Amino acid sequence: EALRDAGWRIGIVTNGFGDFQNAKIDAVGLRAYVDVVCVSDVEGTWKPEPKIFELASDRAGAPLEGGWMVGDSLAADIAGGNGAGLHTAWLHHGRPLPSEAAGDPQPEYVIEHTAEAFDLILGRR
């Protein structure tokens, strides 16, 4: 609600199969809080490909420039967000960030909880 109040458009970009991913989104009630949902199987493009981020951006009516990708997968979320020109925040779930030397994509921010991303996006951190 704080993001929407600040004028942000919100989307879910997820890899997986349509029926399963949509059922999960609906089961936890997230659909009411987002402007767009793009599921890779339905869209025919998977993270980290830029196309899925472009589709979400177009459907949400918001530019990619200045946008954010918050996720827990370095290979899909962070690589995809970086490739699409988005700011990135990685939910580490207790895992250490592998080094760039190991070839892993690097996020701008490492966070412990999703709520931390809201503060980053709203410029409160």
# chains A, B, ... in the order shown; residues from 1 in each chain; ligands from 1

$ residues_around --residues "Asn22 of chain A" --least-positions-apart "3" --cutoff "12 Å" --atoms "only C-alpha atoms" --output "mmCIF file with N, CA, C and O atoms, in the first residue's frame"
data_model
loop_
_atom_site.group_PDB
_atom_site.id
_atom_site.type_symbol
_atom_site.label_atom_id
_atom_site.label_comp_id
_atom_site.auth_asym_id
_atom_site.auth_seq_id
_atom_site.Cartn_x
_atom_site.Cartn_y
_atom_site.Cartn_z
ATOM 1 N N ILE A 12 4.385 -8.905 -10.487
ATOM 2 C CA ILE A 12 5.024 -10.171 -10.136
ATOM 3 C C ILE A 12 5.488 -10.787 -11.449
ATOM 4 O O ILE A 12 4.695 -10.969 -12.378
ATOM 5 N N VAL A 13 6.775 -11.081 -11.514
ATOM 6 C CA VAL A 13 7.363 -11.780 -12.653
ATOM 7 C C VAL A 13 7.920 -13.074 -12.077
ATOM 8 O O VAL A 13 8.809 -13.045 -11.226
ATOM 9 N N THR A 14 7.366 -14.189 -12.516
ATOM 10 C CA THR A 14 7.745 -15.464 -11.913
ATOM 11 C C THR A 14 7.964 -16.535 -12.964
ATOM 12 O O THR A 14 7.235 -16.609 -13.955
ATOM 13 N N ASN A 15 8.988 -17.345 -12.737
ATOM 14 C CA ASN A 15 9.204 -18.516 -13.577
ATOM 15 C C ASN A 15 8.333 -19.648 -13.054
ATOM 16 O O ASN A 15 8.123 -19.775 -11.854
ATOM 17 N N GLY A 16 7.833 -20.438 -13.962
ATOM 18 C CA GLY A 16 7.019 -21.576 -13.569
ATOM 19 C C GLY A 16 5.868 -21.776 -14.530
ATOM 20 O O GLY A 16 5.811 -21.173 -15.606
ATOM 21 N N PHE A 17 4.948 -22.603 -14.115
ATOM 22 C CA PHE A 17 3.815 -22.956 -14.957
ATOM 23 C C PHE A 17 2.567 -22.223 -14.493
ATOM 24 O O PHE A 17 2.306 -22.102 -13.291
ATOM 25 N N GLY A 18 1.815 -21.718 -15.449
ATOM 26 C CA GLY A 18 0.698 -20.828 -15.207
ATOM 27 C C GLY A 18 -0.266 -21.235 -14.116
ATOM 28 O O GLY A 18 -0.497 -20.475 -13.170
ATOM 29 N N ASP A 19 -0.849 -22.407 -14.226
ATOM 30 C CA ASP A 19 -1.855 -22.818 -13.244
ATOM 31 C C ASP A 19 -1.270 -22.870 -11.840
ATOM 32 O O ASP A 19 -1.872 -22.375 -10.884
ATOM 33 N N ILE A 25 -0.207 -17.476 -6.119
ATOM 34 C CA ILE A 25 -0.418 -16.031 -5.977
ATOM 35 C C ILE A 25 -1.798 -15.757 -5.389
ATOM 36 O O ILE A 25 -1.955 -14.920 -4.493
ATOM 37 N N ASP A 26 -2.796 -16.478 -5.872
ATOM 38 C CA ASP A 26 -4.156 -16.289 -5.370
ATOM 39 C C ASP A 26 -4.322 -16.825 -3.947
ATOM 40 O O ASP A 26 -5.025 -16.225 -3.133
ATOM 41 N N ALA A 27 -3.660 -17.935 -3.644
ATOM 42 C CA ALA A 27 -3.795 -18.542 -2.315
ATOM 43 C C ALA A 27 -3.300 -17.619 -1.209
ATOM 44 O O ALA A 27 -3.861 -17.604 -0.114
ATOM 45 N N VAL A 28 -2.277 -16.841 -1.488
ATOM 46 C CA VAL A 28 -1.750 -15.936 -0.470
ATOM 47 C C VAL A 28 -2.309 -14.513 -0.600
ATOM 48 O O VAL A 28 -1.963 -13.640 0.183
ATOM 49 N N GLY A 29 -3.162 -14.294 -1.582
ATOM 50 C CA GLY A 29 -3.834 -13.015 -1.719
ATOM 51 C C GLY A 29 -3.000 -11.888 -2.305
ATOM 52 O O GLY A 29 -3.335 -10.710 -2.123
ATOM 53 N N LEU A 30 -1.942 -12.210 -3.028
ATOM 54 C CA LEU A 30 -1.079 -11.166 -3.579
ATOM 55 C C LEU A 30 -1.682 -10.419 -4.766
ATOM 56 O O LEU A 30 -1.364 -9.256 -5.000
ATOM 57 N N ARG A 31 -2.540 -11.061 -5.524
ATOM 58 C CA ARG A 31 -3.062 -10.459 -6.748
ATOM 59 C C ARG A 31 -3.729 -9.103 -6.489
ATOM 60 O O ARG A 31 -3.651 -8.188 -7.302
ATOM 61 N N VAL A 36 0.120 -6.245 -12.255
ATOM 62 C CA VAL A 36 0.336 -7.205 -13.332
ATOM 63 C C VAL A 36 1.024 -8.452 -12.785
ATOM 64 O O VAL A 36 1.812 -8.370 -11.850
ATOM 65 N N VAL A 37 0.690 -9.595 -13.384
ATOM 66 C CA VAL A 37 1.371 -10.855 -13.098
ATOM 67 C C VAL A 37 1.813 -11.441 -14.431
ATOM 68 O O VAL A 37 0.998 -11.595 -15.345
ATOM 69 N N CYS A 38 3.098 -11.742 -14.552
ATOM 70 C CA CYS A 38 3.633 -12.405 -15.744
ATOM 71 C C CYS A 38 4.266 -13.716 -15.314
ATOM 72 O O CYS A 38 5.255 -13.723 -14.573
ATOM 73 N N VAL A 39 3.687 -14.813 -15.785
ATOM 74 C CA VAL A 39 4.191 -16.150 -15.484
ATOM 75 C C VAL A 39 4.886 -16.669 -16.746
ATOM 76 O O VAL A 39 4.304 -16.671 -17.829
ATOM 77 N N SER A 40 6.116 -17.095 -16.592
ATOM 78 C CA SER A 40 6.962 -17.444 -17.726
ATOM 79 C C SER A 40 6.323 -18.441 -18.690
ATOM 80 O O SER A 40 6.367 -18.244 -19.910
ATOM 81 N N ASP A 41 5.731 -19.486 -18.174
ATOM 82 C CA ASP A 41 5.119 -20.496 -19.027
ATOM 83 C C ASP A 41 4.034 -19.885 -19.919
ATOM 84 O O ASP A 41 3.940 -20.197 -21.098
ATOM 85 N N VAL A 42 3.253 -18.998 -19.368
ATOM 86 C CA VAL A 42 2.171 -18.348 -20.107
ATOM 87 C C VAL A 42 2.733 -17.361 -21.132
ATOM 88 O O VAL A 42 2.237 -17.256 -22.252
#

$ residues_around --residues "His87 of chain A" --least-positions-apart "2" --cutoff "10 Å" --atoms "only C-alpha atoms" --output "tab-separated table (two decimals) with C-alpha atoms, in the first residue's frame"
chain	number	residue	atom	x	y	z
A	64	LEU	CA	11.65	-0.18	-16.71
A	65	GLU	CA	14.02	2.71	-16.07
A	66	GLY	CA	14.16	3.40	-12.36
A	67	GLY	CA	12.30	0.17	-11.57
A	68	TRP	CA	13.25	-2.62	-9.20
A	69	MET	CA	13.57	-6.39	-9.16
A	70	VAL	CA	13.43	-7.97	-5.72
A	78	ILE	CA	19.15	-10.63	-10.11
A	81	GLY	CA	16.83	-7.46	-13.27
A	82	ASN	CA	20.39	-6.39	-14.03
A	84	ALA	CA	16.70	-5.29	-17.89
A	85	GLY	CA	18.35	-2.24	-16.32
A	89	ALA	CA	17.72	-6.44	-4.20
A	107	PRO	CA	22.69	-7.33	-6.70
A	108	GLU	CA	22.83	-3.69	-5.68
A	109	TYR	CA	21.47	-4.63	-2.26
A	120	LEU	CA	14.93	0.90	-0.32
A	121	ILE	CA	12.38	1.63	-3.03

$ select_by_dssp --residues "segment 38-103 of chain A" --states "strand (DSSP E or B)" --output "ChimeraX atom specification"
/A:38-39,68-71,87-91

$ residues_around --residues "segment 94-102 of chain A" --least-positions-apart "2" --cutoff "12 Å" --atoms "only C-alpha atoms" --output "list in words"
Asp72, Ser73, Leu74, Ala75, Ile78, Ala79, Ala89, Trp90, Leu91, His92, Asp104, Pro105, Gln106, Pro107, Glu108, Tyr109, Val110, Ile111, Glu112 and His113 of chain A

$ write_last_selection --atoms "N, CA, C and O atoms" --output "mmCIF file, in the first residue's frame"
data_model
loop_
_atom_site.group_PDB
_atom_site.id
_atom_site.type_symbol
_atom_site.label_atom_id
_atom_site.label_comp_id
_atom_site.auth_asym_id
_atom_site.auth_seq_id
_atom_site.Cartn_x
_atom_site.Cartn_y
_atom_site.Cartn_z
ATOM 1 N N ASP A 72 14.863 -13.798 -4.844
ATOM 2 C CA ASP A 72 15.801 -14.641 -4.092
ATOM 3 C C ASP A 72 16.683 -15.512 -4.967
ATOM 4 O O ASP A 72 17.478 -16.288 -4.458
ATOM 5 N N SER A 73 16.582 -15.379 -6.269
ATOM 6 C CA SER A 73 17.417 -16.159 -7.174
ATOM 7 C C SER A 73 18.420 -15.237 -7.864
ATOM 8 O O SER A 73 18.023 -14.320 -8.593
ATOM 9 N N LEU A 74 19.699 -15.500 -7.634
ATOM 10 C CA LEU A 74 20.717 -14.714 -8.330
ATOM 11 C C LEU A 74 20.649 -14.947 -9.831
ATOM 12 O O LEU A 74 20.707 -14.007 -10.621
ATOM 13 N N ALA A 75 20.493 -16.215 -10.236
ATOM 14 C CA ALA A 75 20.528 -16.565 -11.651
ATOM 15 C C ALA A 75 19.320 -16.048 -12.425
ATOM 16 O O ALA A 75 19.445 -15.633 -13.578
ATOM 17 N N ILE A 78 18.123 -11.677 -10.105
ATOM 18 C CA ILE A 78 19.147 -10.631 -10.111
ATOM 19 C C ILE A 78 19.758 -10.496 -11.505
ATOM 20 O O ILE A 78 19.895 -9.389 -12.023
ATOM 21 N N ALA A 79 20.098 -11.596 -12.143
ATOM 22 C CA ALA A 79 20.626 -11.520 -13.506
ATOM 23 C C ALA A 79 19.597 -10.888 -14.439
ATOM 24 O O ALA A 79 19.931 -10.048 -15.272
ATOM 25 N N ALA A 89 17.545 -6.086 -5.604
ATOM 26 C CA ALA A 89 17.718 -6.440 -4.199
ATOM 27 C C ALA A 89 17.524 -7.949 -4.093
ATOM 28 O O ALA A 89 16.520 -8.492 -4.575
ATOM 29 N N TRP A 90 18.491 -8.599 -3.473
ATOM 30 C CA TRP A 90 18.485 -10.059 -3.333
ATOM 31 C C TRP A 90 18.109 -10.450 -1.916
ATOM 32 O O TRP A 90 18.750 -10.028 -0.954
ATOM 33 N N LEU A 91 17.069 -11.250 -1.781
ATOM 34 C CA LEU A 91 16.672 -11.832 -0.500
ATOM 35 C C LEU A 91 17.587 -13.027 -0.248
ATOM 36 O O LEU A 91 17.524 -14.024 -0.955
ATOM 37 N N HIS A 92 18.435 -12.921 0.746
ATOM 38 C CA HIS A 92 19.473 -13.937 0.912
ATOM 39 C C HIS A 92 19.024 -15.206 1.640
ATOM 40 O O HIS A 92 19.676 -16.236 1.506
ATOM 41 N N ASP A 104 28.837 -15.205 -10.381
ATOM 42 C CA ASP A 104 27.447 -14.988 -10.006
ATOM 43 C C ASP A 104 27.054 -13.525 -10.217
ATOM 44 O O ASP A 104 27.844 -12.617 -9.937
ATOM 45 N N PRO A 105 25.832 -13.286 -10.685
ATOM 46 C CA PRO A 105 25.358 -11.913 -10.817
ATOM 47 C C PRO A 105 25.328 -11.244 -9.443
ATOM 48 O O PRO A 105 25.057 -11.908 -8.443
ATOM 49 N N GLN A 106 25.585 -9.966 -9.413
ATOM 50 C CA GLN A 106 25.644 -9.246 -8.146
ATOM 51 C C GLN A 106 24.478 -8.265 -8.034
ATOM 52 O O GLN A 106 24.228 -7.494 -8.961
ATOM 53 N N PRO A 107 23.782 -8.290 -6.921
ATOM 54 C CA PRO A 107 22.694 -7.326 -6.703
ATOM 55 C C PRO A 107 23.256 -6.000 -6.193
ATOM 56 O O PRO A 107 24.385 -5.940 -5.696
ATOM 57 N N GLU A 108 22.455 -4.970 -6.298
ATOM 58 C CA GLU A 108 22.834 -3.693 -5.682
ATOM 59 C C GLU A 108 22.733 -3.787 -4.166
ATOM 60 O O GLU A 108 23.515 -3.180 -3.447
ATOM 61 N N TYR A 109 21.728 -4.526 -3.690
ATOM 62 C CA TYR A 109 21.475 -4.633 -2.259
ATOM 63 C C TYR A 109 21.228 -6.086 -1.889
ATOM 64 O O TYR A 109 20.660 -6.844 -2.664
ATOM 65 N N VAL A 110 21.632 -6.442 -0.687
ATOM 66 C CA VAL A 110 21.336 -7.750 -0.105
ATOM 67 C C VAL A 110 20.438 -7.484 1.093
ATOM 68 O O VAL A 110 20.764 -6.666 1.958
ATOM 69 N N ILE A 111 19.276 -8.142 1.119
ATOM 70 C CA ILE A 111 18.305 -7.898 2.183
ATOM 71 C C ILE A 111 17.877 -9.215 2.826
ATOM 72 O O ILE A 111 17.967 -10.278 2.214
ATOM 73 N N GLU A 112 17.410 -9.088 4.056
ATOM 74 C CA GLU A 112 16.969 -10.268 4.798
ATOM 75 C C GLU A 112 15.466 -10.499 4.655
ATOM 76 O O GLU A 112 15.009 -11.641 4.627
ATOM 77 N N HIS A 113 14.699 -9.428 4.584
ATOM 78 C CA HIS A 113 13.239 -9.524 4.525
ATOM 79 C C HIS A 113 12.692 -8.644 3.404
ATOM 80 O O HIS A 113 13.251 -7.576 3.130
#

$ atom_distance --atom1 "atom CA of Lys24 of chain A" --atom2 "atom CA of His93 of chain A"
19.7 Å

$ closest_residue --among "A:Ala62, A:Ala32, A:Leu122, A:Ser57" --to "Ala6 of chain A" --atoms "only C-alpha atoms"
A:Leu122

$ residues_around --residues "Leu3 of chain A" --least-positions-apart "6" --cutoff "10 Å" --atoms "only C-alpha atoms" --output "PDB file with all heavy atoms, in the first residue's frame"
ATOM      1  N   ARG A   9       3.994   1.295  -9.582  1.00  0.00           N
ATOM      2  CA  ARG A   9       3.223   0.208 -10.178  1.00  0.00           C
ATOM      3  C   ARG A   9       3.951  -1.071  -9.752  1.00  0.00           C
ATOM      4  O   ARG A   9       5.176  -1.115  -9.718  1.00  0.00           O
ATOM      5  CB  ARG A   9       3.187   0.331 -11.694  1.00  0.00           C
ATOM      6  CG  ARG A   9       2.690   1.689 -12.196  1.00  0.00           C
ATOM      7  CD  ARG A   9       1.245   1.911 -11.987  1.00  0.00           C
ATOM      8  NE  ARG A   9       0.534   1.012 -12.904  1.00  0.00           N
ATOM      9  CZ  ARG A   9      -0.772   0.858 -12.908  1.00  0.00           C
ATOM     10  NH1 ARG A   9      -1.515   1.527 -12.059  1.00  0.00           N
ATOM     11  NH2 ARG A   9      -1.354   0.044 -13.738  1.00  0.00           N
ATOM     12  N   ILE A  10       3.208  -2.109  -9.441  1.00  0.00           N
ATOM     13  CA  ILE A  10       3.801  -3.310  -8.861  1.00  0.00           C
ATOM     14  C   ILE A  10       3.445  -4.527  -9.712  1.00  0.00           C
ATOM     15  O   ILE A  10       2.286  -4.709 -10.092  1.00  0.00           O
ATOM     16  CB  ILE A  10       3.296  -3.516  -7.418  1.00  0.00           C
ATOM     17  CG1 ILE A  10       3.615  -2.273  -6.585  1.00  0.00           C
ATOM     18  CG2 ILE A  10       3.911  -4.771  -6.800  1.00  0.00           C
ATOM     19  CD1 ILE A  10       2.892  -2.209  -5.269  1.00  0.00           C
ATOM     20  N   TYR A  33      -2.757  -6.845  -4.635  1.00  0.00           N
ATOM     21  CA  TYR A  33      -1.758  -5.814  -4.360  1.00  0.00           C
ATOM     22  C   TYR A  33      -0.865  -5.489  -5.550  1.00  0.00           C
ATOM     23  O   TYR A  33       0.048  -4.677  -5.425  1.00  0.00           O
ATOM     24  CB  TYR A  33      -0.883  -6.240  -3.172  1.00  0.00           C
ATOM     25  CG  TYR A  33      -1.672  -6.337  -1.897  1.00  0.00           C
ATOM     26  CD1 TYR A  33      -2.154  -7.566  -1.453  1.00  0.00           C
ATOM     27  CD2 TYR A  33      -1.969  -5.208  -1.151  1.00  0.00           C
ATOM     28  CE1 TYR A  33      -2.901  -7.661  -0.291  1.00  0.00           C
ATOM     29  CE2 TYR A  33      -2.706  -5.294   0.011  1.00  0.00           C
ATOM     30  CZ  TYR A  33      -3.173  -6.526   0.431  1.00  0.00           C
ATOM     31  OH  TYR A  33      -3.923  -6.611   1.585  1.00  0.00           O
ATOM     32  N   PHE A 118      10.958  -2.448   0.545  1.00  0.00           N
ATOM     33  CA  PHE A 118      10.049  -1.301   0.502  1.00  0.00           C
ATOM     34  C   PHE A 118      10.773  -0.039   0.941  1.00  0.00           C
ATOM     35  O   PHE A 118      10.615   1.020   0.330  1.00  0.00           O
ATOM     36  CB  PHE A 118       8.814  -1.537   1.386  1.00  0.00           C
ATOM     37  CG  PHE A 118       8.035  -2.781   1.031  1.00  0.00           C
ATOM     38  CD1 PHE A 118       7.424  -3.518   2.018  1.00  0.00           C
ATOM     39  CD2 PHE A 118       7.920  -3.224  -0.279  1.00  0.00           C
ATOM     40  CE1 PHE A 118       6.689  -4.667   1.716  1.00  0.00           C
ATOM     41  CE2 PHE A 118       7.209  -4.359  -0.596  1.00  0.00           C
ATOM     42  CZ  PHE A 118       6.585  -5.083   0.406  1.00  0.00           C
ATOM     43  N   ASP A 119      11.564  -0.139   1.996  1.00  0.00           N
ATOM     44  CA  ASP A 119      12.328   1.019   2.459  1.00  0.00           C
ATOM     45  C   ASP A 119      13.336   1.476   1.418  1.00  0.00           C
ATOM     46  O   ASP A 119      13.527   2.684   1.216  1.00  0.00           O
ATOM     47  CB  ASP A 119      13.030   0.713   3.782  1.00  0.00           C
ATOM     48  CG  ASP A 119      12.067   0.621   4.954  1.00  0.00           C
ATOM     49  OD1 ASP A 119      10.956   1.188   4.870  1.00  0.00           O
ATOM     50  OD2 ASP A 119      12.414  -0.022   5.957  1.00  0.00           O
ATOM     51  N   ILE A 121      13.119   1.068  -1.904  1.00  0.00           N
ATOM     52  CA  ILE A 121      12.378   1.634  -3.027  1.00  0.00           C
ATOM     53  C   ILE A 121      11.824   3.005  -2.684  1.00  0.00           C
ATOM     54  O   ILE A 121      11.831   3.924  -3.507  1.00  0.00           O
ATOM     55  CB  ILE A 121      11.263   0.663  -3.470  1.00  0.00           C
ATOM     56  CG1 ILE A 121      11.891  -0.631  -4.011  1.00  0.00           C
ATOM     57  CG2 ILE A 121      10.339   1.302  -4.497  1.00  0.00           C
ATOM     58  CD1 ILE A 121      10.921  -1.789  -4.159  1.00  0.00           C
ATOM     59  N   LEU A 122      11.368   3.162  -1.475  1.00  0.00           N
ATOM     60  CA  LEU A 122      10.805   4.446  -1.042  1.00  0.00           C
ATOM     61  C   LEU A 122      11.856   5.444  -0.566  1.00  0.00           C
ATOM     62  O   LEU A 122      11.531   6.541  -0.143  1.00  0.00           O
ATOM     63  CB  LEU A 122       9.770   4.201   0.069  1.00  0.00           C
ATOM     64  CG  LEU A 122       8.534   3.435  -0.362  1.00  0.00           C
ATOM     65  CD1 LEU A 122       7.694   3.034   0.838  1.00  0.00           C
ATOM     66  CD2 LEU A 122       7.711   4.232  -1.379  1.00  0.00           C
TER      67      LEU A 122
END

$ atom_distance --atom1 "atom CA of Lys47 of chain A" --atom2 "atom CA of Pro63 of chain A"
17.9 Å

$ atom_distance --atom1 "atom CA of Gly83 of chain A" --atom2 "atom CA of Lys51 of chain A"
10.1 Å

$ select_by_dssp --residues "segment 82-125 of chain A" --states "alpha helix (DSSP H)" --output "list in words"
Asn82, Gly83, Thr114, Ala115, Glu116, Ala117, Phe118, Asp119, Leu120 and Ile121 of chain A

$ write_last_selection --atoms "C-alpha atoms" --output "CSV table (one decimal), in the first residue's frame"
chain,number,residue,atom,x,y,z
A,82,ASN,CA,20.4,-6.4,-14.0
A,83,GLY,CA,19.9,-7.3,-17.7
A,114,THR,CA,11.0,-8.3,1.7
A,115,ALA,CA,9.9,-5.3,3.9
A,116,GLU,CA,13.5,-4.0,3.6
A,117,ALA,CA,13.0,-3.7,-0.1
A,118,PHE,CA,10.0,-1.3,0.5
A,119,ASP,CA,12.3,1.0,2.5
A,120,LEU,CA,14.9,0.9,-0.3
A,121,ILE,CA,12.4,1.6,-3.0
